[in-house]
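Here's the structure we're looking at; comments come further down.
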Amino acid sequence: MTTDILVTGGTGTLGRPVVRRLQDAGRKVRVLSRRSREAGEGIEYVTGDLATGQGIEAAVDGAEIIVHCAGSNKGDEDKARNLVRAAARAGTRHLVYISVVGADRVPVVSGADRAMFGYFASKLAAERVVADSGLPWTTLRATQFHDLMLLVARQMTKLPVIPVPAGIRFQPVDAGEVADQLAELALGTPAGLAPDIAGPRVYTVPELLQSYLRASGQRRLMVPVPIPGKAARAVRAGAILAPGRAVGRRTWEDFLADRVLSRA
Ligand SMILES: NC(=O)c1ccc[n+]([C@@H]2O[C@H](COP(=O)([O-])OP(=O)(O)OC[C@H]3O[C@@H](n4cnc5c(N)ncnc54)[C@H](OP(=O)(O)O)[C@@H]3O)[C@@H](O)[C@H]2O)c1
């Protein structure tokens with residue numbers, strides 16, 4: 001038990017394994033959550049909301065390192081701003097942020113761009129809040145987690161005929177592997193923008209869906225649908241991929257075998 005580390009989003013898909021990694025490294029971990037929770041498994045919980053700033057001062061108090069994993073579809077810039085304001089006052093000496101591959105390469109200019117890809121603009125804005133915070137920082141950009149792909153696959157395959165965004169590809173990565181990397185970065189010296197982390201293979205959307213359908217014993221028809229806008233064009237050209245950083249080892253098929261096949 002040495003340093004106090006705050007993990008925002010420590011109850012989420014990425015945050016949970018990050019907390020475990022930090023604990024395994026012998027660190028004392030505090031987790032911020034919007035819901036009040038009993039302390040357990042060596043974790044102290046602090047209740048607060050980054051969207052409003054409520055409870056954040058108490059959450060950052062004494063935390064020398066903050067790993068900022070809290071996030072949602074919208075408003076991550078505001079959450080980062082509220083966190084940074086409190087962290088600067090608390091004298092945090094390392095702020096670690098998780099962003100998304102392509103944050104700087106997906107142009108979000110029109111309403112159509114914003115409707116489908118506004119998330120990338122809000123991650124880029126949050127990255128800038130972190131980089132301009134005056135605090136020592138590290139940001140890691142990751143591709144989509146397998147868990148998110150599974151959620152999307154489950155939603156999409158509820159329809160008998162699936163409209164599939166044409167030409168879009170993903171390079172999903174295992175959240176546990178991202179957690180390994182993020183925890184290691186958090187315990188190291190502030191590194192600025194770290195090398196991206198991406199999964200081992202690139203897939204089209206039909207490939208991702210077909211593997212899911214096979215694993216869950218289903219069949220569906222798919223119809224390609226063109227997506228308008230500059231953001232979609234950039235994504236079709238590979239803006240959210242990092243083939244040169246395919247460092248993840250667990251494939252989508254491995255993940256499905258554990259999470260879907262064994263339960264089908
Ligand atoms: N999922 C992906 O494919 C992916 C890819 C690249 C980067 N990322 C980034 O990785 C981070 C974690 O993603 P995830 O998939 O683990 O998310 P998740 O499972 O949806 O978890 C989100 C976490 O954020 C917390 N949170 C949300 N709004 C909050 C608020 N207003 N105040 C305080 N806490 C709040 C939630 O805590 P409570 O509900 O307990 O309050 C929860 O722990 C996000 O920043 C995301 O943008 C995700």
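Residue names in the structure tokens use chain letters A, B, ... in the order shown, residue numbers from 1 in each chain, and ligand numbers from 1 in the order shown.
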Find the residues of chain A that sit at most 6 Å from ligand 1; for each, write down the nearest two atoms and how far apart they are in Å, to one decimal. Count only C-alpha atoms and all ligand atoms. Sort by chain, then by number going up, and give it as CSV.
residue,atom,partner,partner_atom_place_in_ligand_line,distance
A:Gly9,CA,ligand 1,43 (O),3.2
A:Gly10,CA,ligand 1,43 (O),5.0
A:Thr11,CA,ligand 1,43 (O),3.8
A:Gly12,CA,ligand 1,21 (O),3.4
A:Thr13,CA,ligand 1,16 (O),3.6
A:Leu14,CA,ligand 1,16 (O),3.8
A:Gly15,CA,ligand 1,16 (O),5.7
A:Ser33,CA,ligand 1,41 (O),3.8
A:Arg34,CA,ligand 1,41 (O),3.6
A:Arg35,CA,ligand 1,41 (O),5.7
A:Asp49,CA,ligand 1,32 (N),3.7
A:Leu50,CA,ligand 1,32 (N),3.8
A:Ala51,CA,ligand 1,31 (N),4.2
A:Cys69,CA,ligand 1,11 (C),4.4
A:Ala70,CA,ligand 1,24 (O),3.3
A:Gly71,CA,ligand 1,45 (O),3.8
A:Ser72,CA,ligand 1,27 (C),5.4
A:Ile98,CA,ligand 1,10 (O),5.3
A:Ser99,CA,ligand 1,7 (C),4.8
A:Val100,CA,ligand 1,6 (C),4.2
A:Ala142,CA,ligand 1,6 (C),4.6
A:Thr143,CA,ligand 1,5 (C),5.1
A:Gln144,CA,ligand 1,3 (O),3.3
A:Phe145,CA,ligand 1,3 (O),3.8
A:Leu148,CA,ligand 1,3 (O),5.1
Near-segment 236-246 of chain A list (10 Å; only C-alpha atoms; drop same-chain fewer than 6 positions) as a ChimeraX atom specification:
/A:100-107,120,141-144,165-173,195-202,227,230
Considering only helix (DSSP H, G or I) as DSSP defines it on the backbone, what residues of segment 22-264 of chain A qualify? List them as a VMD selection string.
chain A and resid 22 to 24 56 to 60 76 to 90 111 to 131 146 to 156 175 to 187 205 to 215 230 to 236 243 to 245 252 to 259 261 to 263
Determine which residues of segment 76-205 of chain A DSSP labels as strand (DSSP E or B) from the backbone of this structure, then write them out as a list in words.
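DSSP-assigned strand (DSSP E or B) residues in segment 76-205 of chain A: His94, Leu95, Val96, Tyr97, Ile98, Ser99, Val100, Trp137, Thr138, Thr139, Leu140, Arg141, Ala142, Phe145, Val161, Ile162, Pro163, Val164, Pro165, Arg169, Phe170, Val173, Gly192, Leu193, Ile197, Tyr203 and Thr204 of chain A.
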Which of these residues is nearest to Ala90 of chain A, using only C-alpha atoms: A:Lys74, A:Val109, A:Ala63, A:Ala179?
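So, comparing all the options, the nearest one is A:Ala63.
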Report as a list in words all protein, DNA and RNA residues lying within 12 Å of Ser211 of chain A, evaluated on only C-alpha atoms, omitting residues in the same chain fewer than 5 positions from it.
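Once the nearby chain positions are removed, what remains is Met149, Leu150, Ala153, Arg154, Thr157, Tyr203, Thr204, Val205, Pro206, Ser216, Gly217, Gln218, Arg219, Arg220, Thr251, Trp252, Glu253, Asp254, Phe255, Leu256, Ala257, Val260 and Leu261 of chain A.
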Could you give me, as a PDB file with all heavy atoms, in the first residue's frame, the residues within 10 Å of Ala131 of chain A, counting only C-alpha atoms and dropping anything in the same chain fewer than 5 positions from it?
ATOM      1  N   LEU A  95      -1.909  12.351 -14.451  1.00  0.00           N
ATOM      2  CA  LEU A  95      -3.284  12.150 -14.927  1.00  0.00           C
ATOM      3  C   LEU A  95      -3.220  11.278 -16.184  1.00  0.00           C
ATOM      4  O   LEU A  95      -2.549  11.634 -17.154  1.00  0.00           O
ATOM      5  CB  LEU A  95      -3.912  13.511 -15.252  1.00  0.00           C
ATOM      6  CG  LEU A  95      -5.294  13.511 -15.905  1.00  0.00           C
ATOM      7  CD1 LEU A  95      -6.337  12.820 -15.023  1.00  0.00           C
ATOM      8  CD2 LEU A  95      -5.734  14.944 -16.200  1.00  0.00           C
ATOM      9  N   TYR A  97      -5.290   9.202 -19.151  1.00  0.00           N
ATOM     10  CA  TYR A  97      -6.591   9.253 -19.835  1.00  0.00           C
ATOM     11  C   TYR A  97      -6.672   8.176 -20.908  1.00  0.00           C
ATOM     12  O   TYR A  97      -5.694   7.892 -21.601  1.00  0.00           O
ATOM     13  CB  TYR A  97      -6.778  10.646 -20.459  1.00  0.00           C
ATOM     14  CG  TYR A  97      -8.114  10.813 -21.129  1.00  0.00           C
ATOM     15  CD1 TYR A  97      -9.296  10.553 -20.437  1.00  0.00           C
ATOM     16  CD2 TYR A  97      -8.215  11.227 -22.456  1.00  0.00           C
ATOM     17  CE1 TYR A  97     -10.537  10.692 -21.051  1.00  0.00           C
ATOM     18  CE2 TYR A  97      -9.450  11.376 -23.071  1.00  0.00           C
ATOM     19  CZ  TYR A  97     -10.602  11.104 -22.356  1.00  0.00           C
ATOM     20  OH  TYR A  97     -11.826  11.237 -22.969  1.00  0.00           O
ATOM     21  N   ALA A 125     -11.650  16.451 -27.838  1.00  0.00           N
ATOM     22  CA  ALA A 125     -11.752  17.643 -26.991  1.00  0.00           C
ATOM     23  C   ALA A 125     -11.303  17.311 -25.565  1.00  0.00           C
ATOM     24  O   ALA A 125     -10.595  18.104 -24.924  1.00  0.00           O
ATOM     25  CB  ALA A 125     -13.188  18.160 -27.005  1.00  0.00           C
ATOM     26  N   ALA A 126     -11.682  16.144 -25.080  1.00  0.00           N
ATOM     27  CA  ALA A 126     -11.263  15.738 -23.726  1.00  0.00           C
ATOM     28  C   ALA A 126      -9.746  15.528 -23.675  1.00  0.00           C
ATOM     29  O   ALA A 126      -9.093  15.906 -22.698  1.00  0.00           O
ATOM     30  CB  ALA A 126     -11.991  14.458 -23.319  1.00  0.00           C
ATOM     31  N   PRO A 136       1.072  16.755 -15.221  1.00  0.00           N
ATOM     32  CA  PRO A 136       1.767  15.719 -15.990  1.00  0.00           C
ATOM     33  C   PRO A 136       0.744  14.680 -16.460  1.00  0.00           C
ATOM     34  O   PRO A 136      -0.082  14.236 -15.662  1.00  0.00           O
ATOM     35  CB  PRO A 136       2.746  15.132 -14.971  1.00  0.00           C
ATOM     36  CG  PRO A 136       2.853  16.180 -13.884  1.00  0.00           C
ATOM     37  CD  PRO A 136       1.520  16.830 -13.819  1.00  0.00           C
ATOM     38  N   TRP A 137       0.793  14.294 -17.725  1.00  0.00           N
ATOM     39  CA  TRP A 137      -0.294  13.453 -18.248  1.00  0.00           C
ATOM     40  C   TRP A 137       0.213  12.361 -19.184  1.00  0.00           C
ATOM     41  O   TRP A 137       1.309  12.453 -19.764  1.00  0.00           O
ATOM     42  CB  TRP A 137      -1.324  14.306 -19.001  1.00  0.00           C
ATOM     43  CG  TRP A 137      -0.760  15.062 -20.193  1.00  0.00           C
ATOM     44  CD1 TRP A 137      -0.097  16.252 -20.147  1.00  0.00           C
ATOM     45  CD2 TRP A 137      -0.782  14.669 -21.571  1.00  0.00           C
ATOM     46  NE1 TRP A 137       0.290  16.626 -21.416  1.00  0.00           N
ATOM     47  CE2 TRP A 137      -0.122  15.677 -22.305  1.00  0.00           C
ATOM     48  CE3 TRP A 137      -1.298  13.567 -22.258  1.00  0.00           C
ATOM     49  CZ2 TRP A 137       0.043  15.619 -23.700  1.00  0.00           C
ATOM     50  CZ3 TRP A 137      -1.145  13.505 -23.646  1.00  0.00           C
ATOM     51  CH2 TRP A 137      -0.483  14.515 -24.355  1.00  0.00           C
ATOM     52  N   THR A 138      -0.649  11.362 -19.337  1.00  0.00           N
ATOM     53  CA  THR A 138      -0.457  10.307 -20.336  1.00  0.00           C
ATOM     54  C   THR A 138      -1.820  10.010 -20.936  1.00  0.00           C
ATOM     55  O   THR A 138      -2.801   9.866 -20.197  1.00  0.00           O
ATOM     56  CB  THR A 138       0.081   9.005 -19.677  1.00  0.00           C
ATOM     57  OG1 THR A 138       1.320   9.288 -19.021  1.00  0.00           O
ATOM     58  CG2 THR A 138       0.294   7.904 -20.713  1.00  0.00           C
ATOM     59  N   THR A 139      -1.889   9.919 -22.254  1.00  0.00           N
ATOM     60  CA  THR A 139      -3.138   9.510 -22.908  1.00  0.00           C
ATOM     61  C   THR A 139      -2.862   8.296 -23.787  1.00  0.00           C
ATOM     62  O   THR A 139      -1.886   8.273 -24.540  1.00  0.00           O
ATOM     63  CB  THR A 139      -3.723  10.662 -23.756  1.00  0.00           C
ATOM     64  OG1 THR A 139      -4.222  11.677 -22.867  1.00  0.00           O
ATOM     65  CG2 THR A 139      -4.871  10.195 -24.638  1.00  0.00           C
ATOM     66  N   GLY A 192       2.841  11.645 -22.014  1.00  0.00           N
ATOM     67  CA  GLY A 192       2.152  12.353 -23.088  1.00  0.00           C
ATOM     68  C   GLY A 192       1.309  11.365 -23.876  1.00  0.00           C
ATOM     69  O   GLY A 192       0.725  10.446 -23.303  1.00  0.00           O
ATOM     70  N   LEU A 193       1.279  11.515 -25.199  1.00  0.00           N
ATOM     71  CA  LEU A 193       0.481  10.604 -26.024  1.00  0.00           C
ATOM     72  C   LEU A 193       1.261   9.297 -26.232  1.00  0.00           C
ATOM     73  O   LEU A 193       2.317   9.284 -26.864  1.00  0.00           O
ATOM     74  CB  LEU A 193       0.164  11.261 -27.365  1.00  0.00           C
ATOM     75  CG  LEU A 193      -0.813  10.506 -28.257  1.00  0.00           C
ATOM     76  CD1 LEU A 193      -2.175  10.306 -27.584  1.00  0.00           C
ATOM     77  CD2 LEU A 193      -0.994  11.233 -29.590  1.00  0.00           C
TER      78      LEU A 193
END
What separation in Å, quoted to one decimal, exists between atom CA of Val29 of chain A and atom CA of Val7 of chain A?
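About the pair atom CA of Val29 of chain A and atom CA of Val7 of chain A: they are 7.1 Å apart.
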Computed interatomic separation between atom CA of Pro163 of chain A and atom CA of Ala234 of chain A (Å):
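A separation of 20.0 Å between them.
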Quick one: everything within 9 Å of Ala59 of chain A, counting only C-alpha atoms, minus sequence neighbours fewer than 6 positions away in the same chain. Send it as a list in words.
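My reading of the contact set: Leu6, Thr8, Arg30, Val31, Leu32, Tyr45, Val46, Thr47, Gly48 and Ala86 of chain A.
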Go ahead and write the selection's residues with N, CA and C atoms as a compact mmCIF listing (two decimals), in the first residue's frame.
# COMPACT_ATOMS: atom_id res chain seq x y z
N LEU A 6 -6.74 7.22 -7.81
CA LEU A 6 -8.17 7.31 -8.10
C LEU A 6 -8.41 6.75 -9.50
N THR A 8 -11.40 6.80 -12.08
CA THR A 8 -12.77 7.17 -12.44
C THR A 8 -13.25 6.10 -13.42
N ARG A 30 -8.87 3.90 -5.07
CA ARG A 30 -10.18 4.52 -4.81
C ARG A 30 -10.92 4.61 -6.14
N VAL A 31 -12.21 4.34 -6.10
CA VAL A 31 -13.01 4.37 -7.33
C VAL A 31 -14.12 5.41 -7.20
N LEU A 32 -14.28 6.19 -8.25
CA LEU A 32 -15.38 7.16 -8.30
C LEU A 32 -16.55 6.53 -9.03
N TYR A 45 -14.83 3.40 -2.29
CA TYR A 45 -15.68 4.06 -3.29
C TYR A 45 -16.03 5.47 -2.83
N VAL A 46 -15.97 6.40 -3.77
CA VAL A 46 -16.40 7.77 -3.51
C VAL A 46 -17.51 8.09 -4.50
N THR A 47 -18.58 8.70 -4.00
CA THR A 47 -19.71 9.01 -4.88
C THR A 47 -19.55 10.40 -5.47
N GLY A 48 -19.74 10.51 -6.78
CA GLY A 48 -19.64 11.82 -7.42
C GLY A 48 -20.04 11.71 -8.87
N ALA A 86 -10.46 19.97 -10.47
CA ALA A 86 -10.27 19.48 -9.10
C ALA A 86 -8.87 18.90 -8.92
Non-local contacts of Leu83 of chain A (9 Å; only C-alpha atoms; under 2 positions in same chain excluded) as an MDAnalysis selection string
chainID A and resid 50 53 56:57 60 68 78:81 85:88
Just the number, please: distance in Å from atom CA of Leu209 of chain A to atom CA of Ile162 of chain A, one decimal.
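Atom-to-atom, atom CA of Leu209 of chain A and atom CA of Ile162 of chain A are spaced 9.6 Å apart.
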